[in-house]
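Colleague: What follows is a single structure, and I will ask about it in a moment.
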Amino acid sequence: MGYGMMNGMGNMGWGAMALGGGMMLIWVVLLVVLVVLAFRWLGGGPQHSAGGDAQEILKQRFARGEIDATEFEDRSRHLRTGP
């Protein structure tokens, strides 16, 4: 009986164990990537337009009294027309 039969794994050895563990890691990573892509594709992420967000912030600042009506109108006009 040779050493290969005595280690309980036949002729496979440690290389096959490492390859099996590596393949399992590849499958786990692939599964995580697929779940993330599916989540984004189904619309799970935030979907805001930059202009809408800026307008909302401007409205909030006006409501808190951080800016006056003139500045609110000027900045709103700038957001609508662009730079």
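How things are named: the first chain in the structure tokens is A, the next is B, and so on; residues count from 1 in each chain; ligands count from 1 in the order shown.
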Write out as a PyMOL selection string the residues lying within 10 Å of stretch 52-65 of chain A, counting only C-alpha atoms and excluding same-chain residues fewer than 3 positions away.
Modeller: chain A and resi 48-49+68-69+71-73+75-76+79-80
Colleague: For the residues in the current selection, export C-alpha atoms as a CSV table (one decimal), in the first residue's frame.
Modeller:
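Result saved to result_23.csv:
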chain,number,residue,atom,x,y,z
A,48,HIS,CA,-33.2,60.7,-8.6
A,49,SER,CA,-32.4,63.4,-11.1
A,68,ASP,CA,-34.7,84.9,1.0
A,69,ALA,CA,-37.3,84.9,-1.8
A,71,GLU,CA,-32.2,84.4,-3.8
A,72,PHE,CA,-34.6,81.4,-4.1
A,73,GLU,CA,-36.0,82.8,-7.4
A,75,ARG,CA,-31.2,80.0,-7.9
A,76,SER,CA,-34.4,78.3,-9.2
A,79,LEU,CA,-31.4,75.5,-12.2
A,80,ARG,CA,-34.0,75.6,-14.9
Colleague: Any idea what the distance is between atom CA of A:Met17 and atom CA of A:Val33?
Modeller: 24.6 Å
Colleague: Please report the interatomic distance between atom CA of A:Leu34 and atom CA of A:Gly20 in Å with one decimal.
Modeller: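 Calculated distance between atom CA of A:Leu34 and atom CA of A:Gly20 is 21.2 Å.
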